[in-house]
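Here is the structure we will look at, set down as structure tokens.
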Amino acid sequence: MTLDLPSPAQPLKIGTRGSPLALAQAHETRARLMAAFDLPDAAFEIVVIKTTGDNPGLIAADRPLKEIGNKGLFTKEIEEQLLTGGIDIAVHSMKDMPVEQPGGLLLNCYLPRESSADAFVSLRHEAVVDLPESVVVGTSSLRRKAQLLNRRPDLKVVEFRGNVQTRLRKLEEGVAEATFLAMAGLNRLGMSAVPHQAIAPEEMLPAIAQGAIGIERRAHDSCTAGMLDAIHHAETGLRLAAERAFLAALDGSCETPIAGLATLDGATLRLRGEILRTDGSEALDDDMTGPVEDGPEIGRAMAARLLARAGDGFFDWK
């Protein structure tokens with residue numbers, strides 16, 4: 001099929017949130033498409049869309065996101081623009097994405113995954129284990145909060161949001177002794193100077209799909225599909241298929257205490273998963289391997305095993 005490529009006269013419109021990290025991800029998408037099809041910068045237009053999650057009037061700094069309704073918090077308005085033709089593709093952080101897309105949209109293109117690890121960030125301490133007893137740690141992630149309290153129930157965890165600069169300022173002001181960021185975000189923004197330590201998955205299993213960029217399109221748009229096929233990273237797609245099947249079977253979202261990470265070793269896929277009570281009082285984990293093509297089945301099987309172990313009353317976050 002001959003693709004009808006975009007041009008300066010008819011640019012491909014790339015929808016994104018307006019944060020520095022979201023824009024960096026949109027720019028990476030544009031750069032990969034430019035390289036794949038030898039197109040100029042002017043053949044693309046980056047369209048910034050404000051989402052509910054970006055509304056400071058609604059999202060108070062000390063109000064947990066789960067109280068507002070977390071599914072689609074950072075995606076709904078972007079997907080509406082995609083459905084109505086305001087944009088041609090949407091670039092998302094995959095850890096923000098609900099496991100189901102609206103009718104008429106398809107999400108099956110992923111860029112090469114960055115680090116999936118969490119980063120421990122503190123101006124005075126090297127790692128979680130070095131934190132003094134009972135100090136304050138800030139995070140907006142229910143998963144990180146539950147994992148932290150499971151390992152260090154003595155710590156006090158407070159709501160802590162904002163961009164990297166805002167969070168560092170809060171650390172300087174003494175609002176908290178430490179916080180967490182995604183290593184992928186620090187790497188994509190070139191912020192190696194931020195005082196941080198990558199956390200091994202054995203210590204803190206990351207969020208589902210953390211570090212991955214997904215590109216969403218209209219299901220019937222075959223031309224755009226052909227372009228995205230050229231930049232799709234198959235290994236990332238295989239890993240996310242297992243992780244997101246695990247998440248879907250647990251009826252989770254980006255703001256529930258569920259963690260998971262799939263890795264590949266040749267033709268073998270390994271999936272590690274964890275579910276927690278929101279207060280960190282209990283955590284259940286599992287580890288499965290199998291053929292890489294069975295990733296979604298492995299994800300669903302792991303979810304079933306953990307659900308059976310959890311029993312009634314475990315999921316206080318549902």
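Ordered as shown in the structure tokens, chains take letters A, B, and onward, while each chain numbers its residues from 1 and ligands are numbered from 1 in the order shown.
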Find the residues around Glu274 (chain A) up to 6 Å (only C-alpha atoms counted), leave out those fewer than 4 positions away in its own chain, and share them as an MDAnalysis selection string. chainID A and resid 258:259 284:285
Show me, as JSON lines, the residues of region 178-238 of chain A having an atom within 7 Å of region 107-121 of chain A, each with the closest atom pair and its distance in Å, using only C-alpha atoms.
{"residue": "A:Ala178", "atom": "CA", "partner": "A:Val121", "partner_atom": "CA", "distance": 5.6}
{"residue": "A:Thr179", "atom": "CA", "partner": "A:Val121", "partner_atom": "CA", "distance": 5.3}
{"residue": "A:Phe180", "atom": "CA", "partner": "A:Phe120", "partner_atom": "CA", "distance": 4.9}
{"residue": "A:Leu181", "atom": "CA", "partner": "A:Ala119", "partner_atom": "CA", "distance": 5.1}
{"residue": "A:Ala182", "atom": "CA", "partner": "A:Asp118", "partner_atom": "CA", "distance": 4.6}
{"residue": "A:Met183", "atom": "CA", "partner": "A:Ala119", "partner_atom": "CA", "distance": 5.3}
{"residue": "A:Ala184", "atom": "CA", "partner": "A:Ser115", "partner_atom": "CA", "distance": 5.1}
{"residue": "A:Pro195", "atom": "CA", "partner": "A:Val121", "partner_atom": "CA", "distance": 5.8}
{"residue": "A:His196", "atom": "CA", "partner": "A:Val121", "partner_atom": "CA", "distance": 4.4}
{"residue": "A:Gln197", "atom": "CA", "partner": "A:Phe120", "partner_atom": "CA", "distance": 5.2}
{"residue": "A:Ala198", "atom": "CA", "partner": "A:Ala119", "partner_atom": "CA", "distance": 4.5}
{"residue": "A:Ile199", "atom": "CA", "partner": "A:Asp118", "partner_atom": "CA", "distance": 5.5}
{"residue": "A:Ala200", "atom": "CA", "partner": "A:Ala117", "partner_atom": "CA", "distance": 6.7}
{"residue": "A:Pro201", "atom": "CA", "partner": "A:Ala117", "partner_atom": "CA", "distance": 6.7}
{"residue": "A:Pro206", "atom": "CA", "partner": "A:Ala117", "partner_atom": "CA", "distance": 5.9}
{"residue": "A:Gln210", "atom": "CA", "partner": "A:Ser116", "partner_atom": "CA", "distance": 5.1}
{"residue": "A:Gly211", "atom": "CA", "partner": "A:Ser116", "partner_atom": "CA", "distance": 4.7}
{"residue": "A:Ala212", "atom": "CA", "partner": "A:Arg113", "partner_atom": "CA", "distance": 4.6}
{"residue": "A:Ile213", "atom": "CA", "partner": "A:Leu111", "partner_atom": "CA", "distance": 5.6}
{"residue": "A:Gly214", "atom": "CA", "partner": "A:Tyr110", "partner_atom": "CA", "distance": 4.6}
{"residue": "A:Ile215", "atom": "CA", "partner": "A:Cys109", "partner_atom": "CA", "distance": 5.3}
{"residue": "A:Glu216", "atom": "CA", "partner": "A:Leu107", "partner_atom": "CA", "distance": 4.4}
{"residue": "A:Arg217", "atom": "CA", "partner": "A:Leu107", "partner_atom": "CA", "distance": 6.5}
{"residue": "A:Leu228", "atom": "CA", "partner": "A:Cys109", "partner_atom": "CA", "distance": 6.3}
{"residue": "A:Asp229", "atom": "CA", "partner": "A:Cys109", "partner_atom": "CA", "distance": 7.0}
{"residue": "A:Ile231", "atom": "CA", "partner": "A:Leu111", "partner_atom": "CA", "distance": 6.8}
{"residue": "A:His232", "atom": "CA", "partner": "A:Cys109", "partner_atom": "CA", "distance": 5.0}
{"residue": "A:His233", "atom": "CA", "partner": "A:Leu111", "partner_atom": "CA", "distance": 5.3}
{"residue": "A:Thr236", "atom": "CA", "partner": "A:Arg113", "partner_atom": "CA", "distance": 6.0}
{"residue": "A:Gly237", "atom": "CA", "partner": "A:Tyr110", "partner_atom": "CA", "distance": 6.2}
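Within the 8 Å cut-off around region 145-149 of chain A, using only C-alpha atoms and omitting residues fewer than 2 positions from it on the same chain, the listed residues are A:Thr139, A:Ser140, A:Ser141, A:Leu142, A:Arg143, A:Arg151, A:Arg152, A:Pro153, A:Asp154, A:Leu155, A:Val157, A:Met204, A:Pro257, A:Leu276, A:Arg277, A:Thr278, A:Asp279, A:Gly280, A:Ser281, A:Ala283.
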Which residues are near Leu171 (chain A)? Cut-off 10 Å, only C-alpha atoms, ignore same chain within fewer than 3 positions. Put them as JSON, numbers by chain. {"A": [121, 122, 123, 124, 137, 138, 165, 166, 167, 168, 174, 175, 176, 177, 178, 179]}
Please report, as a PyMOL selection string, each residue of region 15-234 of chain A to which DSSP assigns helix (DSSP H, G or I) when run on this structure's backbone. chain A and resi 20-37+41-43+52-54+65-67+76-83+94-96+128-130+142-151+164-172+183-188+222-229+234
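Once region 13-17 of chain A and its same-chain neighbours fewer than 4 positions away are set aside, A:Ala22, A:Leu23, A:Ala26, A:Phe44, A:Glu45, A:Ile46, A:Val47, A:Val48, A:Ile49, A:Lys50, A:Ile78, A:Ile87, A:Asp88, A:Ile89, A:Ala90, A:Val91 remain within 7 Å of it when counting only C-alpha atoms.
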Expected file: the selected residues, C-alpha atoms, as a PDB file, in the first residue's frame:
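Generated file (selection.pdb):
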ATOM      1  CA  ALA A  22       4.603  14.786  27.618  1.00  0.00           C
ATOM      2  CA  LEU A  23       6.085  17.217  25.102  1.00  0.00           C
ATOM      3  CA  ALA A  26       5.612  13.862  21.473  1.00  0.00           C
ATOM      4  CA  PHE A  44       3.965  17.520  11.764  1.00  0.00           C
ATOM      5  CA  GLU A  45       2.051  19.705  14.193  1.00  0.00           C
ATOM      6  CA  ILE A  46       2.144  19.103  17.929  1.00  0.00           C
ATOM      7  CA  VAL A  47      -1.210  19.965  19.496  1.00  0.00           C
ATOM      8  CA  VAL A  48      -1.288  20.511  23.263  1.00  0.00           C
ATOM      9  CA  ILE A  49      -4.518  19.400  24.935  1.00  0.00           C
ATOM     10  CA  LYS A  50      -5.385  20.171  28.548  1.00  0.00           C
ATOM     11  CA  ILE A  78      -7.120  13.844  24.155  1.00  0.00           C
ATOM     12  CA  ILE A  87      -5.733  15.367  15.988  1.00  0.00           C
ATOM     13  CA  ASP A  88      -4.470  12.376  14.001  1.00  0.00           C
ATOM     14  CA  ILE A  89      -2.549  10.484  16.682  1.00  0.00           C
ATOM     15  CA  ALA A  90      -2.248  10.767  20.464  1.00  0.00           C
ATOM     16  CA  VAL A  91       0.959  10.190  22.418  1.00  0.00           C
TER      17      VAL A  91
END
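Closest approach to Phe314 (chain A) among A:Glu282, A:Ala207, A:Ala249, A:Lys95: A:Glu282, based on only C-alpha atoms.
Nearest to Gly260 (chain A) of all the residues A:Ala209, A:Leu12, A:Ala24, A:Ala304 is A:Ala209, based on only C-alpha atoms.
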